[in-house]
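Student: Have a look at the structure that comes next, please.
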Amino acid sequence: MNGLLDAYRAQFKVTFAVQLEYRASLAIWLIGTILEPTVYLVVWSTVARAQGGQVGGFAPEDFAAYFIVTMLVNQWTFTWIMHEFEYSVRMGALSPQLLRPLHPIHLHVADNITYKLLTSTVVVPVAILLAWAFGARFEPQPWALALAVPALALSFATRLLLGWTLALAAFWTTRVFAINEMYFLASLFLSGQMAPLALLPAGAQLLATVLPFRWVVAFPVELILGRLTPEQAGVGLAVQALWLVISLGSMTVIWREGIKRYSAVGA
Amino acid sequence: MASLRSFVRRTSREVRAVDDISFAVEPGEVVGFLGPNGAGKTTTLKMLSGLLHPTGGEVDVLGHVPWQRAKAYLRQMTLVMGNRNQLQWDIPAIDSYELNRAIYRVPRDDFRRTLDELTELLELGSLVHKPVRQLSLGERMKCEVAAALLHRPQVLFLDEPTIGLDVTMQRRIRGFIAEYNRRHGATVLLTSHYMLDVEALCKRVIVIHHGRLLFDGNLADLVKRFSPHKTIVVELGDDAGGPNGPGGSGGQLGERDFSAFGEVVTAEEGRVTLRVPKADTARVTERLLASMPITDLTVEDPPIEEVIEQVFASGPTESERENERAPVAHE
């Protein structure tokens, strides 16, 4: 365990150094991260005002709170492995990672956490600023905020493992771009990033519930906003745990099979 | 049209990159792995290091099946590929080294000692503190080699470690490999297109071609077996054409015709190079000395490149031809 922590610490330093080398691109990414939810927020607030102050129980200040928290939850739990993994497989860059006595996912996790710590120093102050500017209304419950911590951890782990599972398709077809696009689109609609799930048609809500999307984003968001009862919170955490087990299982099996097919192209 | 057809109907053909190669390497040996491009050298190294799962056959390195990638195995071996890098491009190599130290769980004192030793042997100096992208190809390669050896592996798979490097840098890497082998008794399996690498480092060579083993033995035996010729170089006295002689054409130097002694490779400036069948070497030498005004005569093996070319051209050996007649299932 100590050895693993040591490796994580070393990767923290590497990621930190690399991200600082690319300050400009980091800044551009951050602008995108902040702009997207701000646009949704403005659109939905305008709709609410046009409809006499509310849409499906959401007033403009509720939309502000919702999208600001969604931005934070998404920033803390999203992964980008699918974008890198296909390249690694196709160009053989995976090879050196495979020859080290440590599963490549560990360095990815360490990389990911470092990136998030680093970006949080900007995203959190911006979130506070946005909340003030748009007059966001928060009614958080202390117990719910406490539960939000494990909920975010479960969400991060599940999204990471699902991302890896999908990325591993690269072992069979070296063009996983199409699969990724579908996943991102589904994620955008069904996880509540474009609109609160309560505002979606019943069919879409059902789909979001049976698939993991609701549980990895919308659930922690609603928990933080204090919109859930303790029972709903308990069910949510249980379903999250279930998805974690499913994604860990599928990732493990697919990794084991896929790695046999890795042809270390030109590597 | 062809690309459209293959878009609609994907066809795939099974190609055996490596087929039925068997060899054993003793601890501490340095073995050269030779073959033309596409012979299966890299594929074999990838299997030995655990990157590739072969469809059949057995491999045992240090008591491990490589592609199971047991941590205990990975800690004892390394694979260096001349055209690949593991170092992070944007940061100094020392930061990547530190990551490797943590991943391989090398105790800090050992790490420092090894790094000092590698810095000395490879003359790394301050290179490790510069961002990798600012290094020249040769400097980067030295840093890559150091990264691959920080955990003191016992087994080294080196795939073209000197590719694209200038002569000085090639010599330095070569000297380093020899020294590392000597100091730590490490086993080295090396591929290279530079015969100087092979001659300097490897007593034993394994030659593969089209995924099959053509030769496994001493470099000297390879030359003996695959080169039926010797090269005789003679230098003639001033009266025998000399610098003023017409030189060159038709096996003649000045007035004298050497084509009766053997195949004339070059003839110029009082110096003639002949290729003669090995068995005739003594007889031809004697005749030359008796009938020509010779001041100096040397008998040499042909250059190793020429021998290798000969090996590749010779195709499968007798036993392999038999195998082909009676196909064996390679599961």
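Every chain in the structure tokens takes a letter, A first, then B, and so on in the order presented; its residues are numbered from 1, and the ligands are numbered from 1 following the presented order.
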Taking only C-alpha atoms into account, find every residue of chain B that has an atom no more than 7 Å from chain A, and write it out as a ChimeraX atom specification.
Tutor: /B:51-53,71,74-75,84,86,90-91,95,98-99,102-105
Student: Do you know which residues are at most 8 Å from A:Pro60 counting only C-alpha atoms, after dropping those on the same chain fewer than 3 positions away, and could you put them as a ChimeraX atom specification?
Tutor: /A:44-46,48-49,53-54,63-64,136
Student: Give me the residues within 8 Å of B:Val155 as a compact mmCIF listing (two decimals) with N, CA and C atoms, in the first residue's frame, counting only C-alpha atoms and dropping any in the same chain fewer than 6 places off.
Tutor:
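Produced file part-v7.txt, reproduced below:
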```
# COMPACT_ATOMS: atom_id res chain seq x y z
N GLN B 76 12.33 -7.61 -13.09
CA GLN B 76 13.67 -8.13 -13.39
C GLN B 76 14.07 -7.96 -14.84
N MET B 77 13.18 -7.40 -15.64
CA MET B 77 13.52 -7.30 -17.06
C MET B 77 13.26 -5.88 -17.58
N THR B 78 13.80 -5.63 -18.76
CA THR B 78 13.48 -4.35 -19.39
C THR B 78 13.49 -4.53 -20.89
N ALA B 186 24.29 -9.18 -16.40
CA ALA B 186 22.96 -9.21 -16.99
C ALA B 186 22.95 -9.97 -18.31
N THR B 187 21.83 -10.58 -18.60
CA THR B 187 21.65 -11.28 -19.87
C THR B 187 21.08 -10.29 -20.89
N VAL B 188 21.64 -10.29 -22.08
CA VAL B 188 21.22 -9.30 -23.07
C VAL B 188 20.84 -9.99 -24.38
N LEU B 189 19.67 -9.65 -24.87
CA LEU B 189 19.25 -10.10 -26.20
C LEU B 189 19.07 -8.83 -27.03
```
Student: Could you pull the residues within 6 Å of stretch 202-218 of chain B, counting only C-alpha atoms, minus those fewer than 4 positions along the same chain, as a PyMOL selection string?
Tutor: chain B and resi 17-19+21+30-35+39-40+198
Student: Write out as a ChimeraX atom specification all residues of stretch 104-280 of chain B that DSSP puts in helix (DSSP H, G or I) for this structure's backbone.
Tutor: /B:108-122,127-129,132-134,137-149,167-184,195-201,219-226,249-251,278-280
Student: Store the residues picked out above, limited to C-alpha atoms, as a PDB file, in the first residue's frame.
Tutor:
```pdb
ATOM      1  CA  ARG B 108      15.984   5.436  -2.434  1.00  0.00           C
ATOM      2  CA  ASP B 109      19.603   4.642  -1.625  1.00  0.00           C
ATOM      3  CA  ASP B 110      19.807   2.004  -4.359  1.00  0.00           C
ATOM      4  CA  PHE B 111      18.120   4.400  -6.745  1.00  0.00           C
ATOM      5  CA  ARG B 112      20.643   7.127  -6.066  1.00  0.00           C
ATOM      6  CA  ARG B 113      23.550   4.730  -6.437  1.00  0.00           C
ATOM      7  CA  THR B 114      22.231   3.313  -9.730  1.00  0.00           C
ATOM      8  CA  LEU B 115      21.478   6.754 -11.084  1.00  0.00           C
ATOM      9  CA  ASP B 116      25.003   7.914 -10.220  1.00  0.00           C
ATOM     10  CA  GLU B 117      26.455   4.900 -11.955  1.00  0.00           C
ATOM     11  CA  LEU B 118      24.301   5.366 -15.068  1.00  0.00           C
ATOM     12  CA  THR B 119      25.085   9.075 -15.118  1.00  0.00           C
ATOM     13  CA  GLU B 120      28.777   8.250 -15.107  1.00  0.00           C
ATOM     14  CA  LEU B 121      28.653   5.437 -17.673  1.00  0.00           C
ATOM     15  CA  LEU B 122      26.350   7.227 -20.087  1.00  0.00           C
ATOM     16  CA  LEU B 127      20.852  16.267 -19.492  1.00  0.00           C
ATOM     17  CA  VAL B 128      18.415  14.730 -17.020  1.00  0.00           C
ATOM     18  CA  HIS B 129      17.423  18.172 -15.790  1.00  0.00           C
ATOM     19  CA  VAL B 132      13.135  15.775 -22.793  1.00  0.00           C
ATOM     20  CA  ARG B 133      11.780  17.564 -25.863  1.00  0.00           C
ATOM     21  CA  GLN B 134      14.853  19.814 -25.859  1.00  0.00           C
ATOM     22  CA  LEU B 137      18.002  12.127 -30.506  1.00  0.00           C
ATOM     23  CA  GLY B 138      21.219  10.705 -29.094  1.00  0.00           C
ATOM     24  CA  GLU B 139      20.852  12.489 -25.774  1.00  0.00           C
ATOM     25  CA  ARG B 140      17.295  11.310 -25.504  1.00  0.00           C
ATOM     26  CA  MET B 141      18.321   7.741 -26.237  1.00  0.00           C
ATOM     27  CA  LYS B 142      20.879   7.844 -23.435  1.00  0.00           C
ATOM     28  CA  CYS B 143      18.203   9.107 -21.069  1.00  0.00           C
ATOM     29  CA  GLU B 144      15.823   6.388 -22.278  1.00  0.00           C
ATOM     30  CA  VAL B 145      18.408   3.687 -21.671  1.00  0.00           C
ATOM     31  CA  ALA B 146      18.998   4.994 -18.164  1.00  0.00           C
ATOM     32  CA  ALA B 147      15.238   5.019 -17.481  1.00  0.00           C
ATOM     33  CA  ALA B 148      15.009   1.403 -18.580  1.00  0.00           C
ATOM     34  CA  LEU B 149      17.796   0.296 -16.248  1.00  0.00           C
ATOM     35  CA  VAL B 167      28.829   6.859 -34.882  1.00  0.00           C
ATOM     36  CA  THR B 168      30.163   8.306 -31.635  1.00  0.00           C
ATOM     37  CA  MET B 169      26.874   7.860 -29.856  1.00  0.00           C
ATOM     38  CA  GLN B 170      26.517   4.323 -31.223  1.00  0.00           C
ATOM     39  CA  ARG B 171      29.925   3.503 -29.845  1.00  0.00           C
ATOM     40  CA  ARG B 172      29.065   4.964 -26.464  1.00  0.00           C
ATOM     41  CA  ILE B 173      25.809   3.003 -26.161  1.00  0.00           C
ATOM     42  CA  ARG B 174      27.626  -0.123 -27.318  1.00  0.00           C
ATOM     43  CA  GLY B 175      30.391   0.359 -24.749  1.00  0.00           C
ATOM     44  CA  PHE B 176      27.785   0.963 -22.114  1.00  0.00           C
ATOM     45  CA  ILE B 177      25.924  -2.275 -22.858  1.00  0.00           C
ATOM     46  CA  ALA B 178      29.161  -4.248 -22.653  1.00  0.00           C
ATOM     47  CA  GLU B 179      30.076  -2.580 -19.378  1.00  0.00           C
ATOM     48  CA  TYR B 180      26.627  -3.105 -17.870  1.00  0.00           C
ATOM     49  CA  ASN B 181      26.794  -6.780 -18.823  1.00  0.00           C
ATOM     50  CA  ARG B 182      30.248  -7.090 -17.273  1.00  0.00           C
ATOM     51  CA  ARG B 183      29.400  -5.286 -14.033  1.00  0.00           C
ATOM     52  CA  HIS B 184      26.035  -6.859 -13.338  1.00  0.00           C
ATOM     53  CA  MET B 195      26.873  -5.142 -37.599  1.00  0.00           C
ATOM     54  CA  LEU B 196      29.416  -3.228 -35.535  1.00  0.00           C
ATOM     55  CA  ASP B 197      27.038  -3.501 -32.592  1.00  0.00           C
ATOM     56  CA  VAL B 198      26.770  -7.223 -33.063  1.00  0.00           C
ATOM     57  CA  GLU B 199      30.467  -7.802 -33.629  1.00  0.00           C
ATOM     58  CA  ALA B 200      31.430  -5.755 -30.615  1.00  0.00           C
ATOM     59  CA  LEU B 201      28.914  -7.214 -28.205  1.00  0.00           C
ATOM     60  CA  LEU B 219      29.484 -15.380 -34.869  1.00  0.00           C
ATOM     61  CA  ALA B 220      32.696 -16.974 -36.141  1.00  0.00           C
ATOM     62  CA  ASP B 221      30.837 -20.168 -37.075  1.00  0.00           C
ATOM     63  CA  LEU B 222      28.214 -18.153 -38.878  1.00  0.00           C
ATOM     64  CA  VAL B 223      30.916 -16.702 -41.074  1.00  0.00           C
ATOM     65  CA  LYS B 224      32.474 -20.108 -41.587  1.00  0.00           C
ATOM     66  CA  ARG B 225      29.233 -21.774 -42.467  1.00  0.00           C
ATOM     67  CA  PHE B 226      27.617 -19.176 -44.642  1.00  0.00           C
ATOM     68  CA  SER B 249      39.090  -2.917 -65.432  1.00  0.00           C
ATOM     69  CA  GLY B 250      38.716  -6.569 -66.313  1.00  0.00           C
ATOM     70  CA  GLY B 251      40.704  -7.865 -63.366  1.00  0.00           C
ATOM     71  CA  LYS B 278      37.685 -21.172 -49.026  1.00  0.00           C
ATOM     72  CA  ALA B 279      39.162 -24.539 -49.980  1.00  0.00           C
ATOM     73  CA  ASP B 280      41.451 -22.960 -52.553  1.00  0.00           C
TER      74      ASP B 280
END
```
Student: So how far away is atom CA of B:Glu26 from atom CA of B:Leu48, in Å?
Tutor: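 Rounded to one decimal, the two atoms are 14.6 Å apart.
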